[in-house]
Every structure is written in C-alpha cells, then in structure tokens.
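Student: File follows, model.txt with compact mmCIF, C-alpha atoms and all ligand atoms:
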```txt
# COMPACT_ATOMS: atom_id res chain seq x y z
CA MET A 1 -9.17 3.65 10.32
CA VAL A 2 -10.27 1.52 7.40
CA LYS A 3 -10.11 2.86 3.86
CA ILE A 4 -12.81 1.58 1.52
CA ILE A 5 -12.00 1.91 -2.19
CA SER A 6 -14.18 0.96 -5.17
CA ILE A 7 -12.22 -0.08 -8.26
CA ALA A 8 -14.53 1.16 -10.99
CA ASN A 9 -14.92 1.86 -14.68
CA GLN A 10 -18.07 0.80 -16.49
CA LYS A 11 -15.95 -0.34 -19.43
CA GLY A 12 -15.14 -4.03 -19.30
CA GLY A 13 -11.62 -5.34 -19.72
CA VAL A 14 -9.73 -2.29 -18.43
CA GLY A 15 -7.99 -4.07 -15.56
CA LYS A 16 -10.38 -3.52 -12.63
CA THR A 17 -10.28 -7.09 -11.39
CA THR A 18 -6.55 -7.53 -12.01
CA THR A 19 -5.94 -4.34 -10.03
CA THR A 20 -8.28 -5.32 -7.18
CA ILE A 21 -6.63 -8.71 -6.72
CA ASN A 22 -3.05 -7.53 -7.03
CA LEU A 23 -3.33 -4.26 -5.15
CA GLY A 24 -5.14 -6.17 -2.41
CA ALA A 25 -2.42 -8.83 -2.23
CA CYS A 26 0.39 -6.24 -2.25
CA LEU A 27 -1.25 -4.23 0.54
CA ASN A 28 -1.58 -7.50 2.44
CA GLU A 29 2.09 -8.32 1.78
CA ALA A 30 2.91 -4.93 3.33
CA GLY A 31 1.19 -6.08 6.51
CA LYS A 32 -2.31 -4.73 5.94
CA ARG A 33 -5.54 -6.53 6.73
CA VAL A 34 -7.46 -6.53 3.46
CA LEU A 35 -11.00 -7.50 2.47
CA ILE A 36 -11.90 -7.80 -1.19
CA VAL A 37 -15.58 -7.56 -2.08
CA ASP A 38 -16.52 -8.95 -5.48
CA THR A 39 -19.56 -7.16 -6.90
CA ASP A 40 -19.28 -8.45 -10.47
CA PRO A 41 -21.59 -11.41 -11.22
CA GLN A 42 -18.75 -12.81 -13.34
CA GLY A 43 -16.90 -13.48 -10.09
CA ASN A 44 -13.43 -13.09 -11.58
CA ALA A 45 -11.95 -11.58 -8.41
CA THR A 46 -13.39 -14.54 -6.49
CA SER A 47 -11.81 -17.21 -8.71
CA GLY A 48 -8.65 -15.16 -9.23
CA LEU A 49 -8.06 -15.32 -5.47
CA GLY A 50 -8.39 -19.08 -5.46
CA ILE A 51 -11.96 -19.33 -4.17
CA LYS A 52 -13.79 -22.09 -6.04
CA LYS A 53 -17.35 -21.12 -6.92
CA SER A 54 -18.46 -24.64 -5.97
CA ASP A 55 -17.18 -24.03 -2.42
CA VAL A 56 -19.18 -20.81 -2.05
CA SER A 57 -22.47 -21.25 -0.23
CA LYS A 58 -23.11 -17.59 0.70
CA ASP A 59 -21.99 -14.62 -1.33
CA VAL A 60 -22.42 -10.89 -1.75
CA TYR A 61 -25.90 -11.49 -3.19
CA ASP A 62 -27.08 -12.77 0.20
CA VAL A 63 -25.62 -9.66 1.86
CA LEU A 64 -27.36 -7.29 -0.58
CA ILE A 65 -30.71 -9.03 -0.99
CA ASN A 66 -31.19 -11.10 2.17
CA GLU A 67 -29.24 -8.83 4.52
CA LEU A 68 -27.06 -11.75 5.59
CA PRO A 69 -24.31 -10.63 8.01
CA ILE A 70 -21.24 -10.13 5.83
CA LYS A 71 -19.14 -12.28 8.17
CA ALA A 72 -21.19 -15.29 7.02
CA ALA A 73 -20.21 -14.60 3.41
CA THR A 74 -16.50 -13.96 4.08
CA TYR A 75 -13.93 -16.51 2.90
CA HIS A 76 -10.23 -16.77 3.68
CA THR A 77 -7.61 -16.95 0.95
CA LYS A 78 -4.20 -18.64 1.17
CA ARG A 79 -2.87 -15.34 2.49
CA VAL A 80 -3.47 -14.60 6.14
CA ASN A 81 -5.58 -11.44 6.51
CA LEU A 82 -6.62 -11.35 2.86
CA ASP A 83 -10.32 -12.19 2.84
CA VAL A 84 -12.95 -12.23 0.12
CA VAL A 85 -16.68 -11.71 -0.04
CA PRO A 86 -17.30 -13.65 -3.26
CA ALA A 87 -19.71 -13.17 -6.12
CA THR A 88 -21.39 -15.89 -8.10
CA ILE A 89 -23.70 -15.73 -11.08
CA GLN A 90 -26.78 -15.38 -8.81
CA LEU A 91 -25.64 -11.78 -8.33
CA ALA A 92 -26.80 -11.07 -11.89
CA GLY A 93 -30.38 -10.99 -10.57
CA ALA A 94 -29.55 -8.45 -7.88
CA GLU A 95 -29.63 -5.38 -10.18
CA ILE A 96 -33.33 -5.92 -10.80
CA GLU A 97 -34.26 -7.30 -7.38
CA LEU A 98 -32.71 -4.31 -5.61
CA THR A 99 -34.84 -1.92 -7.64
CA SER A 100 -37.92 -2.83 -5.63
CA GLN A 101 -36.29 -2.85 -2.18
CA MET A 102 -36.07 -0.26 0.58
CA ALA A 103 -32.75 1.50 1.28
CA ARG A 104 -31.41 -0.40 -1.68
CA GLU A 105 -28.43 1.87 -2.29
CA GLN A 106 -27.13 1.40 1.27
CA ARG A 107 -27.18 -2.39 1.47
CA LEU A 108 -23.46 -2.92 1.03
CA GLU A 109 -22.60 -0.01 3.29
CA ALA A 110 -24.77 -1.50 6.02
CA GLY A 111 -23.14 -4.90 5.54
CA LEU A 112 -19.62 -3.52 5.71
CA ARG A 113 -20.38 -1.54 8.86
CA GLU A 114 -20.20 -4.80 10.84
CA VAL A 115 -16.65 -5.63 9.74
CA ARG A 116 -15.01 -2.33 8.86
CA ASP A 117 -13.02 -2.24 12.11
CA GLN A 118 -11.39 -5.56 11.28
CA TYR A 119 -9.58 -4.37 8.13
CA ASP A 120 -7.15 -1.67 7.03
CA TYR A 121 -8.33 -1.67 3.43
CA ILE A 122 -11.54 -2.87 1.82
CA LEU A 123 -11.38 -3.03 -1.99
CA ILE A 124 -14.59 -3.41 -3.96
CA ASP A 125 -14.26 -4.86 -7.46
CA CYS A 126 -17.08 -3.24 -9.46
CA PRO A 127 -19.01 -4.70 -12.41
CA PRO A 128 -18.77 -3.16 -15.89
CA SER A 129 -21.96 -1.11 -15.48
CA LEU A 130 -23.27 1.84 -13.48
CA GLY A 131 -26.37 0.19 -12.03
CA GLN A 132 -27.44 -0.68 -8.48
CA LEU A 133 -24.34 -2.79 -7.79
CA SER A 134 -21.94 0.05 -8.57
CA ILE A 135 -24.12 2.53 -6.71
CA ASN A 136 -24.01 0.24 -3.67
CA ALA A 137 -20.23 0.07 -3.99
CA PHE A 138 -19.84 3.86 -4.30
CA THR A 139 -22.22 4.51 -1.41
CA ALA A 140 -20.15 2.20 0.79
CA SER A 141 -16.79 3.69 -0.26
CA ASP A 142 -14.50 6.49 0.81
CA SER A 143 -13.17 6.81 -2.72
CA ILE A 144 -13.01 5.28 -6.17
CA MET A 145 -9.95 4.19 -8.10
CA ILE A 146 -10.38 4.31 -11.87
CA PRO A 147 -8.28 1.98 -14.01
CA VAL A 148 -7.99 3.37 -17.53
CA GLN A 149 -6.70 1.29 -20.39
CA SER A 150 -3.89 3.02 -22.27
CA GLU A 151 -5.68 3.04 -25.62
CA TYR A 152 -7.24 5.56 -27.91
CA TYR A 153 -10.71 5.76 -26.38
CA ALA A 154 -9.41 5.65 -22.82
CA LEU A 155 -11.33 8.72 -21.65
CA GLU A 156 -14.55 7.78 -23.37
CA GLY A 157 -17.29 7.08 -20.86
CA LEU A 158 -15.44 8.63 -17.94
CA SER A 159 -17.80 11.63 -17.85
CA GLN A 160 -20.65 9.19 -17.31
CA LEU A 161 -18.73 7.54 -14.49
CA LEU A 162 -17.98 10.92 -12.88
CA ASN A 163 -21.65 11.85 -13.21
CA THR A 164 -22.61 8.75 -11.26
CA VAL A 165 -20.02 9.69 -8.62
CA ARG A 166 -21.65 13.14 -8.34
CA LEU A 167 -25.12 11.62 -8.01
CA VAL A 168 -23.93 9.31 -5.23
CA GLN A 169 -22.19 12.25 -3.53
CA LYS A 170 -25.39 14.27 -3.68
CA HIS A 171 -27.81 11.63 -2.48
CA PHE A 172 -26.01 8.94 -0.48
CA ASN A 173 -22.39 9.65 0.34
CA ALA A 174 -21.15 13.25 0.43
CA HIS A 175 -17.57 12.28 1.31
CA LEU A 176 -16.95 9.99 -1.69
CA GLY A 177 -13.71 11.08 -3.39
CA ILE A 178 -11.50 10.10 -6.28
CA GLU A 179 -8.64 7.95 -4.95
CA GLY A 180 -6.72 8.00 -8.20
CA VAL A 181 -6.61 7.15 -11.89
CA LEU A 182 -4.48 4.16 -12.90
CA LEU A 183 -3.13 3.66 -16.41
CA THR A 184 -3.23 -0.03 -17.30
CA MET A 185 -2.14 -2.31 -20.13
CA TYR A 186 0.41 0.15 -21.40
CA ASP A 187 2.21 -1.09 -24.48
CA ALA A 188 5.56 0.60 -25.01
CA ARG A 189 5.73 -0.65 -28.60
CA THR A 190 3.00 1.74 -29.74
CA ASN A 191 3.23 5.54 -29.73
CA LEU A 192 -0.44 5.55 -28.98
CA GLY A 193 0.16 4.48 -25.38
CA ALA A 194 2.36 7.50 -24.70
CA GLU A 195 -0.18 9.89 -26.28
CA VAL A 196 -2.95 8.46 -24.17
CA ILE A 197 -0.86 8.82 -21.02
CA ASP A 198 -0.33 12.52 -21.85
CA GLU A 199 -4.02 13.05 -22.40
CA VAL A 200 -5.04 11.29 -19.19
CA ARG A 201 -2.42 13.22 -17.18
CA LYS A 202 -3.67 16.52 -18.66
CA THR A 203 -7.20 15.69 -17.62
CA PHE A 204 -6.63 14.19 -14.16
CA ARG A 205 -3.26 15.75 -13.29
CA GLU A 206 -1.86 14.75 -9.91
CA ARG A 207 -4.63 12.23 -9.45
CA VAL A 208 -2.94 9.90 -11.97
CA TYR A 209 -0.64 7.38 -10.30
CA LYS A 210 3.05 7.54 -11.19
CA THR A 211 2.95 3.77 -11.48
CA VAL A 212 1.76 2.70 -14.93
CA ILE A 213 0.78 -0.94 -15.38
CA PRO A 214 2.26 -2.34 -18.61
CA ARG A 215 0.71 -5.12 -20.64
CA ILE A 216 2.34 -8.21 -19.09
CA THR A 217 1.41 -11.78 -19.99
CA ARG A 218 2.17 -13.11 -16.48
CA LEU A 219 -0.54 -10.83 -15.05
CA ALA A 220 -3.11 -12.45 -17.31
CA GLU A 221 -1.90 -15.97 -16.44
CA ALA A 222 -1.95 -15.72 -12.66
CA PRO A 223 -5.77 -15.80 -12.16
CA SER A 224 -6.07 -19.24 -13.75
CA TYR A 225 -3.89 -20.52 -10.89
CA GLY A 226 -6.04 -18.67 -8.36
CA LEU A 227 -3.07 -16.59 -7.28
CA PRO A 228 -2.14 -12.91 -7.14
CA ILE A 229 0.98 -12.10 -9.13
CA ILE A 230 3.17 -11.76 -6.01
CA ASP A 231 2.50 -15.41 -5.23
CA TYR A 232 2.43 -16.70 -8.80
CA ASP A 233 5.70 -15.02 -9.82
CA PRO A 234 7.08 -12.84 -7.00
CA LYS A 235 10.12 -11.60 -8.90
CA SER A 236 8.24 -10.64 -12.05
CA ARG A 237 7.73 -7.18 -13.50
CA GLY A 238 3.99 -7.58 -12.83
CA ALA A 239 4.67 -8.09 -9.13
CA GLU A 240 7.01 -5.11 -9.13
CA VAL A 241 4.47 -2.68 -10.61
CA TYR A 242 1.66 -3.68 -8.28
CA ILE A 243 3.99 -3.42 -5.26
CA SER A 244 4.81 0.08 -6.48
CA LEU A 245 1.10 0.93 -6.78
CA ALA A 246 0.44 -0.37 -3.26
CA LYS A 247 3.21 1.90 -1.95
CA GLU A 248 1.66 4.91 -3.67
CA VAL A 249 -1.75 4.08 -2.24
CA MET A 250 -0.38 3.66 1.29
CA LYS A 251 1.60 6.88 1.03
CA ALA A 252 -1.44 8.81 -0.20
CA ASN A 253 -3.31 7.51 2.83
CA GLY A 254 -0.58 8.49 5.29
CA ASP A 255 -0.08 4.81 5.95
CA GLN A 256 3.58 3.93 5.70
P1 LIG B 301 -11.98 -5.77 -15.91
O1 LIG B 301 -12.13 -6.30 -14.53
O2 LIG B 301 -11.93 -4.28 -15.99
O3 LIG B 301 -13.00 -6.35 -16.85
P2 LIG B 301 -9.65 -7.49 -16.05
O4 LIG B 301 -8.77 -7.13 -14.92
O5 LIG B 301 -10.48 -8.72 -15.91
O6 LIG B 301 -10.54 -6.25 -16.46
O7 LIG B 301 -8.73 -7.61 -17.34
C1 LIG B 301 -9.26 -7.99 -18.60
C2 LIG B 301 -8.35 -9.05 -19.22
O8 LIG B 301 -7.06 -8.50 -19.46
C3 LIG B 301 -8.13 -10.24 -18.32
O9 LIG B 301 -8.02 -11.39 -19.12
C4 LIG B 301 -6.82 -9.95 -17.62
O10 LIG B 301 -6.12 -11.11 -17.25
C5 LIG B 301 -6.07 -9.18 -18.69
N1 LIG B 301 -5.18 -8.15 -18.12
C6 LIG B 301 -5.46 -7.24 -17.17
N2 LIG B 301 -4.42 -6.44 -16.92
C7 LIG B 301 -3.42 -6.87 -17.72
C8 LIG B 301 -2.07 -6.45 -17.95
N3 LIG B 301 -1.53 -5.41 -17.28
N4 LIG B 301 -1.33 -7.12 -18.86
C9 LIG B 301 -1.87 -8.16 -19.55
N5 LIG B 301 -3.11 -8.60 -19.39
C10 LIG B 301 -3.91 -7.97 -18.49
MG MG B 302 -13.67 -7.46 -13.70
```
As structure tokens - that is how I would like this structure written.

Tutor:
Amino acid sequence: MVKIISIANQKGGVGKTTTTINLGACLNEAGKRVLIVDTDPQGNATSGLGIKKSDVSKDVYDVLINELPIKAATYHTKRVNLDVVPATIQLAGAEIELTSQMAREQRLEAGLREVRDQYDYILIDCPPSLGQLSINAFTASDSIMIPVQSEYYALEGLSQLLNTVRLVQKHFNAHLGIEGVLLTMYDARTNLGAEVIDEVRKTFRERVYKTVIPRITRLAEAPSYGLPIIDYDPKSRGAEVYISLAKEVMKANGDQ
C-alpha cells in the first residue's frame, strides 16, 4: 500500500525541499518506488532532482487546474523508480484560480488516485504557505512530516499549521495524521540548537525523529547539480543522515 506524505511547514527555508528530495532518493535507494510531487511554485524540488524547467511542458498546475491525468505530467529522474511531478512558476496563479473552482480541495487527491498503486511512497513538497496548494496536499495525504529548523523560533507558527491539519481532518480527510517532526539545520557550535531540540522533544515527544539533520554545506550544494546527496556525495555525512531518516520512516511504516 502506498504511503502519501506531505512535507510541510509554512515557514520558508526550514528544509522542506531538501528533505523531500533526499528522503525520496534514500527511500528509492532502499528499493522503493517513489513519486515526488512539487507543489511550490518556486520549483526547487523539480530543479533539485535534475529536471530542467525548460524541458517541462506539463506540470502540477495542469493537474490541479485543467485536471490533466497526472501520468502526463510525470517525469523520470536519473534514478529508476524516482519520478517527479514538477512545478513551474505558472503554479503561482493556482492559489487564486482554485478559489473559484468546484471540488478544489480534492484536485490533487483525484489526480494521485490514478497512480497511487504504482508507488510505495509519494512525497509532496509543500509551499511556504497554508493556502489552497497546501490544503490540496494535506487532503491527498496520509500524513504530514514537519521539518523544524533548530533555531530559537522553531515552534512559532506550528499551532497555525496544526490548525490547518485539524480543518483538513474535519472537512476533507479524517485519516490525516502526523508522520513525524524532523529537526533540521542543527548547529552543534551553538547551545541554542540543543535547547531547541529539548523544547521540540517536550512538545512532540515520540513523534520527533531520532535522526537530527545538521547544517551541512554539501546538502546545500547538491541541488545546483540536480542531484540528491546520495548521488552527489554518497559517503558524506549528509547522505548518512538522510539514509538514517529513510530507515526510521520505513520502520515506522512497517516497511523493512
Ligand atoms: P524550504 O523548502 O523549507 O524552503 P530548503 O530545503 O529549500 O527549505 O532549504 C533552505 C536553504 O537551506 C536551501 O538553500 C538549502 O540548500 C539549505 N539547506 C537545507 N537544509 C540544509 C542543511 N541541513 N544544511 C545546510 N543547508 C541546508
Ligand atoms: Mg521548498
């Protein structure tokens, strides 16, 4: 059975896209069939997986607005069984265009229904907002994974995110759960990081992954080569931590 996970936090720059790309690639490395859906108009997951925007003729916008079959907007990456539904800047218009459409919250869910049997994991990279695009992602998902930057205001805004989860549970998707909370960009040189980790663990308890993602330059470099870290630098610490996260995710899903 497929597991559909939204990677979400309405704060920008917390590591959503980095986590989507690298978790996806590490699950794929472990033999899983993975689809990554980019729902951020910035399209960073798209380019970070080596898909050139100029080569994209159909994207997630066409699935959401024109009800294009998702297969027609699915692109292969260099990794076998790691596919992408890309986003381009035209997606920026979708927030407003969806507002006037019927069954607007269920568009992505309907699109994914056609391909869900063909994957083990579908990861949805969410935009830094809680509008129609995120609501579509949450409605289509089994759970959400929340990357939290290990910094002072880490928990700020999370109540708003959890409120949106509750609204989606109430109206569109009763079985939506919290997959886990992931601490990202941890910097061992500051005491602050450790304090934040304590605070996040107190709040979310066993839902916080044991794996903590440190701040690692190689992780920030890899996307400009269009590669996940396990292909850009397979022996690196960045590769190691995302492999460890993938193992935790598979274990939590009885999948190992
Ligand atoms: P989001 O998708 O939440 O906006 P990104 O994953 O794009 O966040 O990360 C924001 C920036 O920080 C990007 O430039 C990315 O390369 C960098 N980054 C993400 N995670 C790490 C990390 N663990 N170490 C160093 N840089 C990181
Ligand atoms: Mg992003």

Student: Considering all atoms listed in the file, return as a PyMOL selection string whatever protein or nucleic-acid residues lie within 12 Å of region 200-209 of chain A, sequence-local ones (same chain, fewer than 3 positions apart) excluded.

Tutor: chain A and resi 144-156+158-159+162+177-184+193-197+212-213+241-242+244-249+251-252

Student: My list of candidates is A:Arg189, A:Lys16, A:Lys52, A:His171. Which is closest to Ser224 (chain A) when distances are computed with all atoms listed in the file?

Tutor: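 With all atoms listed in the file as the atom set, the closest residue is A:Lys52.
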
Student: Do you have, as a tab-separated table, the list of residues of chain A lying at most 7 Å from ligand MG 302 (chain B), each with its nearest atom pair and that distance in Å to one decimal, counting all atoms listed in the file and ordered by chain then number?

Tutor:
```
residue	atom	partner	partner_atom	distance
A:Gly12	CA	B:MG302	MG	6.7
A:Gly13	CA	B:MG302	MG	6.7
A:Gly15	CA	B:MG302	MG	6.9
A:Lys16	CA	B:MG302	MG	5.2
A:Thr17	CA	B:MG302	MG	4.1
A:Asp40	CA	B:MG302	MG	6.5
A:Asn44	CA	B:MG302	MG	6.0
A:Ala45	CA	B:MG302	MG	6.9
A:Asp125	CA	B:MG302	MG	6.8
A:Cys126	CA	B:MG302	MG	6.9
A:Pro127	CA	B:MG302	MG	6.1
```

Student: Go through A:Thr190, A:Asn66, A:Asn173, A:Thr99 and flag the residue nearest Asp142 (chain A), using all atoms listed in the file for the distances.

Tutor: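 Going through A:Thr190, A:Asn66, A:Asn173, A:Thr99 one by one, the smallest distance to Asp142 (chain A) is for A:Asn173.
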
Student: Find the distance between CA of Gln169 (chain A) and CA of Tyr121 (chain A) and write it in Å to one decimal.

Tutor: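 Interatomic distance, CA of Gln169 (chain A) to CA of Tyr121 (chain A): 20.8 Å.
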
Student: Determine the nearest neighbour of ligand LIG 301 (chain B) from the options A:Asp255, A:Glu105, A:Asp231, A:Glu240, counting all atoms listed in the file.

Tutor: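 Ranking A:Asp255, A:Glu105, A:Asp231, A:Glu240 by distance to ligand LIG 301 (chain B), first place goes to A:Glu240.
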
Student: As a count of residues only, please: the residues near Ala174 (chain A) (cut-off 12 Å, all atoms listed in the file, same-chain neighbours under 2 positions excluded).

Tutor: 16

Student: Which is closest to ligand LIG 301 (chain B) among A:Ser57, A:Asn81, A:Gln101, A:Thr18, if we use only C-alpha atoms and all ligand atoms?

Tutor: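 Of A:Ser57, A:Asn81, A:Gln101, A:Thr18, the one nearest ligand LIG 301 (chain B), counting only C-alpha atoms and all ligand atoms, is A:Thr18.
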
Student: By how many Å are CA of Ala137 (chain A) and CA of Ala8 (chain A) apart?

Tutor: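 Rounded to one decimal, the two atoms are 9.1 Å apart.
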
Student: Report, in Å to a single decimal, how far apart CA of Leu49 (chain A) and CA of Leu227 (chain A) are.

Tutor: 5.5 Å

Student: Would you compute an axis-aligned box for ligand LIG 301 (chain B), covering every atom listed for it in the file with 5 Å of margin on each side, and report centre and edge lengths in Å to one decimal as AutoDock Vina command-line options?

Tutor:
```
--center_x -7.2 --center_y -7.8 --center_z -17.0 --size_x 21.7 --size_y 17.1 --size_z 15.0
```
